[in-house]
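To start, the structure under review is shown below, and the notes come after it.
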Amino acid sequence: MIVYPAIDLRDGKCVRLTKGDFATTKVYNDNPISMLEEFAKFGATWLHMVDLDGAKQGKIAQGALIKSLVASSDLKVQVGGGIRTIEDIELLFGYGVSRVVLGSICVSNKDLVKQWLDTYGPEKIVLALDCHLNEDGTPMVTTHGWQEKSTVTVWDLLNYYATAKYVLCTDISVDGTLEGPSMDLYQELQECFPHIKLIASGGVGSLNDLIKLKELNVYGAVVGKAIYEGKIPLEKIEFA
């Protein structure tokens, strides 16, 4: 299992939110480059980066910073947050980003996303199917920086994007809580869609959580707040 340390960027700083609520923004580091250096020092090979300002605005908002961060590190980087156009994708690939992470547009323009999967190949695209669970446990996709709920399920989209390879799934209700990931959701995803490389995100608060995800045989796990809050020391993480 690949562990992806996360950097969420807002106003040029490393921050974390709780349950996607921008009002809960907490700044952890105003020098993102130093965080990349720390991650690399302890053996990370990948980085998960989110342009939170971009997610809210629906377009890349911190392009210059993303470009400088990617250029400053040997880490492979996947970037998400407000990517809606082919120009955004080309810009990020031009910066040296390894994969782009598509969220809201997976719901709003499915034909276009399918076209991008064909154009760039599934190795270059991550589908971010972030969701909230209905009372019956059905995962409903949330869009626009997690601010809007859709009527589309995670299952609907995975059936539609049959050629997708990498899928990032966050249960928003546990994101930033450190209370543990949604194991039942990920187990169901693994069983129903064994061909995808599932990247779990949200709720990881301990090394034991990472062990449980590894036992589920998920492809990857994103860890953010648990690192910044000192719940999981970097030297204890097996990054790959």
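Labels used: A, B, ... for chains in the order of the structure tokens, numbers from 1 for residues in each chain, and numbers from 1 for ligands as shown.
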
- Message: Set the distance at 6 Å and use only C-alpha atoms: which residues neighbour region 75-78 of chain A once local chain neighbours fewer than 4 positions away are removed? I'd like the list as a list in words.
- Response: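 Contacts, with the query itself left out: Thr45, Trp46, Leu47, His48, Val97, Ser98, Arg99 and Val100 of chain A.
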
- Query: Could you write out, as a VMD selection string, all the residues of region 77-171 of chain A that DSSP marks as strand (DSSP E or B)?
  - Reply: chain A and resid 77 to 80 99 to 102 125 to 128 131 to 133 139 to 143 148 to 153 166 to 171

For the residues in the current selection, export N, CA and C atoms as a short mmCIF file (atom, residue, chain, number, x, y, z; two decimals), in the first residue's frame.
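Output file out-v3.cif is given in full below:
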data_model
loop_
_atom_site.label_atom_id
_atom_site.label_comp_id
_atom_site.auth_asym_id
_atom_site.auth_seq_id
_atom_site.Cartn_x
_atom_site.Cartn_y
_atom_site.Cartn_z
N VAL A 77 3.89 13.75 -7.73
CA VAL A 77 2.80 14.54 -7.16
C VAL A 77 1.51 14.35 -7.94
N GLN A 78 0.42 14.12 -7.22
CA GLN A 78 -0.90 14.18 -7.84
C GLN A 78 -1.61 15.39 -7.26
N VAL A 79 -2.30 16.14 -8.13
CA VAL A 79 -2.88 17.42 -7.74
C VAL A 79 -4.36 17.47 -8.09
N GLY A 80 -5.16 17.95 -7.17
CA GLY A 80 -6.57 18.17 -7.40
C GLY A 80 -7.01 19.52 -6.87
N ARG A 99 -0.03 13.01 -11.85
CA ARG A 99 -1.44 12.69 -12.07
C ARG A 99 -2.30 13.89 -11.69
N VAL A 100 -3.39 14.06 -12.42
CA VAL A 100 -4.38 15.07 -12.03
C VAL A 100 -5.56 14.36 -11.38
N VAL A 101 -6.13 15.03 -10.40
CA VAL A 101 -7.24 14.48 -9.63
C VAL A 101 -8.50 15.25 -10.00
N LEU A 102 -9.47 14.55 -10.57
CA LEU A 102 -10.70 15.18 -11.04
C LEU A 102 -11.84 14.86 -10.08
N ILE A 125 -4.84 9.94 -14.67
CA ILE A 125 -6.06 10.53 -14.14
C ILE A 125 -6.51 9.79 -12.87
N VAL A 126 -6.82 10.56 -11.83
CA VAL A 126 -7.43 10.01 -10.62
C VAL A 126 -8.84 10.57 -10.50
N LEU A 127 -9.82 9.70 -10.34
CA LEU A 127 -11.18 10.16 -10.09
C LEU A 127 -11.39 10.32 -8.59
N ALA A 128 -11.73 11.52 -8.16
CA ALA A 128 -11.98 11.78 -6.74
C ALA A 128 -13.48 11.74 -6.50
N CYS A 131 -17.65 11.68 -0.98
CA CYS A 131 -19.06 11.39 -0.75
C CYS A 131 -19.49 11.61 0.70
N HIS A 132 -20.80 11.62 0.88
CA HIS A 132 -21.41 11.50 2.19
C HIS A 132 -22.34 10.29 2.13
N LEU A 133 -22.53 9.63 3.24
CA LEU A 133 -23.34 8.43 3.26
C LEU A 133 -24.77 8.74 3.66
N PRO A 139 -23.29 5.77 -0.71
CA PRO A 139 -22.36 6.89 -0.83
C PRO A 139 -22.77 7.83 -1.95
N MET A 140 -23.20 9.04 -1.59
CA MET A 140 -23.63 10.06 -2.54
C MET A 140 -22.47 11.04 -2.79
N VAL A 141 -22.16 11.26 -4.05
CA VAL A 141 -21.02 12.10 -4.39
C VAL A 141 -21.30 13.57 -4.07
N THR A 142 -20.30 14.25 -3.52
CA THR A 142 -20.37 15.66 -3.18
C THR A 142 -19.40 16.43 -4.06
N THR A 143 -19.80 17.63 -4.50
CA THR A 143 -19.01 18.37 -5.48
C THR A 143 -18.70 19.80 -5.00
N GLU A 148 -21.46 21.10 -2.24
CA GLU A 148 -22.75 20.77 -2.84
C GLU A 148 -22.94 19.25 -2.94
N LYS A 149 -24.13 18.81 -2.58
CA LYS A 149 -24.46 17.38 -2.65
C LYS A 149 -25.14 17.08 -3.98
N SER A 150 -24.71 16.00 -4.61
CA SER A 150 -25.32 15.59 -5.87
C SER A 150 -26.31 14.46 -5.62
N THR A 151 -26.97 14.02 -6.68
CA THR A 151 -27.90 12.89 -6.57
C THR A 151 -27.29 11.64 -7.20
N VAL A 152 -25.97 11.69 -7.41
CA VAL A 152 -25.26 10.60 -8.06
C VAL A 152 -24.51 9.78 -7.00
N THR A 153 -24.54 8.46 -7.14
CA THR A 153 -23.83 7.61 -6.20
C THR A 153 -22.43 7.28 -6.71
N TYR A 166 -7.39 4.68 -11.27
CA TYR A 166 -7.17 5.19 -9.92
C TYR A 166 -8.42 5.92 -9.43
N VAL A 167 -8.89 5.53 -8.26
CA VAL A 167 -10.07 6.15 -7.67
C VAL A 167 -9.77 6.54 -6.23
N LEU A 168 -9.89 7.82 -5.95
CA LEU A 168 -9.73 8.34 -4.60
C LEU A 168 -11.12 8.54 -4.00
N CYS A 169 -11.36 7.95 -2.85
CA CYS A 169 -12.69 8.06 -2.24
C CYS A 169 -12.57 8.55 -0.80
N THR A 170 -13.24 9.65 -0.52
CA THR A 170 -13.25 10.23 0.82
C THR A 170 -14.68 10.25 1.35
N ASP A 171 -14.87 9.71 2.54
CA ASP A 171 -16.13 9.89 3.25
C ASP A 171 -15.99 11.18 4.03
#

- Would you kindly return, as a ChimeraX atom specification, each protein, DNA or RNA residue with an atom no farther than 9 Å from any atom of region 83-90 of chain A, considering only C-alpha atoms and excluding same-chain residues fewer than 4 positions away? /A:54-55,58-60,94-95,100-105,116

I'd like a table as CSV: residues in region 127-226 of chain A with an atom no more than 12 Å from region 26-34 of chain A, each row giving the shortest atom pair and its distance in Å to one decimal, only C-alpha atoms counted, sorted by chain and rising residue number.
residue,atom,partner,partner_atom,distance
A:Gly176,CA,A:Lys26,CA,10.7
A:Gly224,CA,A:Tyr28,CA,10.6
A:Lys225,CA,A:Tyr28,CA,9.2
A:Ala226,CA,A:Tyr28,CA,11.7

Just the selected residues (N, CA and C atoms), exported as a compact mmCIF listing (two decimals), in the first residue's frame, please.
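Output (out_26.txt):
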# COMPACT_ATOMS: atom_id res chain seq x y z
N GLY A 176 -10.73 14.62 8.45
CA GLY A 176 -10.19 15.57 9.41
C GLY A 176 -10.58 15.30 10.85
N GLY A 224 -3.18 13.09 6.19
CA GLY A 224 -2.89 14.51 6.33
C GLY A 224 -2.83 14.95 7.77
N LYS A 225 -3.98 15.18 8.36
CA LYS A 225 -4.05 15.77 9.69
C LYS A 225 -3.32 14.93 10.74
N ALA A 226 -3.38 13.60 10.60
CA ALA A 226 -2.71 12.74 11.58
C ALA A 226 -1.21 12.98 11.62

- Task: Could you pull out the residues in region 6-143 of chain A that DSSP calls helix (DSSP H, G or I) from the backbone, as a PyMOL selection string?
- Result: chain A and resi 32-41+52-57+63-72+86-95+105-108+110-120+122-124

Writing out the chosen residues with C-alpha atoms as a compact mmCIF listing (two decimals), in the first residue's frame:
# COMPACT_ATOMS: atom_id res chain seq x y z
CA PRO A 32 5.00 24.10 2.07
CA ILE A 33 8.44 23.37 0.58
CA SER A 34 9.72 22.40 4.01
CA MET A 35 6.93 19.85 4.32
CA LEU A 36 7.88 18.21 1.01
CA GLU A 37 11.46 17.97 2.25
CA GLU A 38 10.28 16.29 5.46
CA PHE A 39 8.13 13.79 3.60
CA ALA A 40 10.97 12.88 1.24
CA LYS A 41 13.43 12.59 4.14
CA LEU A 52 -8.36 24.34 -1.76
CA ASP A 53 -8.76 27.83 -3.22
CA GLY A 54 -9.07 26.22 -6.63
CA ALA A 55 -11.64 23.73 -5.38
CA LYS A 56 -13.78 26.59 -4.13
CA GLN A 57 -13.33 28.76 -7.24
CA GLY A 63 -0.66 27.50 -10.04
CA ALA A 64 2.61 29.36 -9.43
CA LEU A 65 2.99 27.77 -6.00
CA ILE A 66 2.14 24.30 -7.30
CA LYS A 67 4.72 24.74 -10.07
CA SER A 68 7.45 25.74 -7.61
CA LEU A 69 6.62 22.91 -5.19
CA VAL A 70 6.72 20.25 -7.91
CA ALA A 71 10.00 21.66 -9.24
CA SER A 72 11.56 21.70 -5.77
CA ILE A 86 -8.17 20.76 -20.63
CA GLU A 87 -6.12 23.94 -20.19
CA ASP A 88 -5.90 23.24 -16.44
CA ILE A 89 -4.79 19.68 -17.11
CA GLU A 90 -2.16 20.71 -19.66
CA LEU A 91 -0.89 23.39 -17.29
CA LEU A 92 -0.42 20.90 -14.44
CA PHE A 93 1.25 18.30 -16.62
CA GLY A 94 3.50 21.09 -17.88
CA TYR A 95 4.50 21.76 -14.27
CA ILE A 105 -16.39 17.49 -13.21
CA CYS A 106 -16.77 13.70 -12.89
CA VAL A 107 -20.42 14.49 -12.12
CA SER A 108 -21.03 17.65 -14.16
CA LYS A 110 -19.03 12.82 -17.61
CA ASP A 111 -18.49 12.68 -21.36
CA LEU A 112 -15.56 15.08 -21.12
CA VAL A 113 -13.91 13.12 -18.31
CA LYS A 114 -14.30 9.91 -20.27
CA GLN A 115 -12.65 11.68 -23.21
CA TRP A 116 -9.74 12.75 -20.99
CA LEU A 117 -9.31 9.18 -19.77
CA ASP A 118 -8.94 8.16 -23.41
CA THR A 119 -6.67 11.07 -24.33
CA TYR A 120 -4.23 10.97 -21.42
CA PRO A 122 -5.96 6.05 -17.01
CA GLU A 123 -2.43 6.19 -15.54
CA LYS A 124 -2.58 9.99 -15.56

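Between CA of Gly20 (chain A) and CA of Asp175 (chain A) lies a distance of 7.2 Å.
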
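Taking only C-alpha atoms into account, Lys212 (chain A) lies nearest to A:Asp184 out of the set A:Lys13, A:Asp184, A:Lys236, A:Lys197.
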
- Query: Of the candidates A:Gly121, A:Gly220, A:Gly203, A:Pro194, which shows the shortest atom-to-atom distance to Thr163 (chain A), using only C-alpha atoms?
  - Reply: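 Selected residue with least distance to Thr163 (chain A): A:Gly121.
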
- Query: Quick one: distance from CA of Val222 (chain A) to CA of Glu188 (chain A) in Å, one decimal?
  - Reply: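 Here the two named atoms are 18.5 Å from each other.
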
- From A:Leu9, A:Leu17, A:Leu157, A:Ile237, residue lying nearest Ala221 (chain A) [only C-alpha atoms]: A:Ile237

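Every protein or nucleic acid residue with an atom no more than 10 Å from Asp209 (chain A), counting only C-alpha atoms and leaving out same-chain residues fewer than 4 positions away, appears here: Leu178, Glu179, Gly180, Pro181, Met183, Gly203, Val204, Gly205, Leu213, Lys214, Glu215 and Ala221 of chain A.
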
Residue selection dump (C-alpha atoms) as a PDB file, in the first residue's frame:
ATOM      1  CA  LEU A 178      -8.902  11.408  13.154  1.00  0.00           C
ATOM      2  CA  GLU A 179     -11.641   8.950  14.151  1.00  0.00           C
ATOM      3  CA  GLY A 180     -10.768   6.254  11.639  1.00  0.00           C
ATOM      4  CA  PRO A 181     -11.553   5.682   7.951  1.00  0.00           C
ATOM      5  CA  MET A 183     -13.703   0.661   6.453  1.00  0.00           C
ATOM      6  CA  GLY A 203     -10.362   9.825   9.002  1.00  0.00           C
ATOM      7  CA  VAL A 204      -6.947   8.185   9.329  1.00  0.00           C
ATOM      8  CA  GLY A 205      -5.801   8.924  12.866  1.00  0.00           C
ATOM      9  CA  LEU A 213      -6.449  -0.363   5.303  1.00  0.00           C
ATOM     10  CA  LYS A 214      -3.462  -2.411   4.210  1.00  0.00           C
ATOM     11  CA  GLU A 215      -5.274  -5.554   5.340  1.00  0.00           C
ATOM     12  CA  ALA A 221      -4.097   5.817   1.621  1.00  0.00           C
TER      13      ALA A 221
END
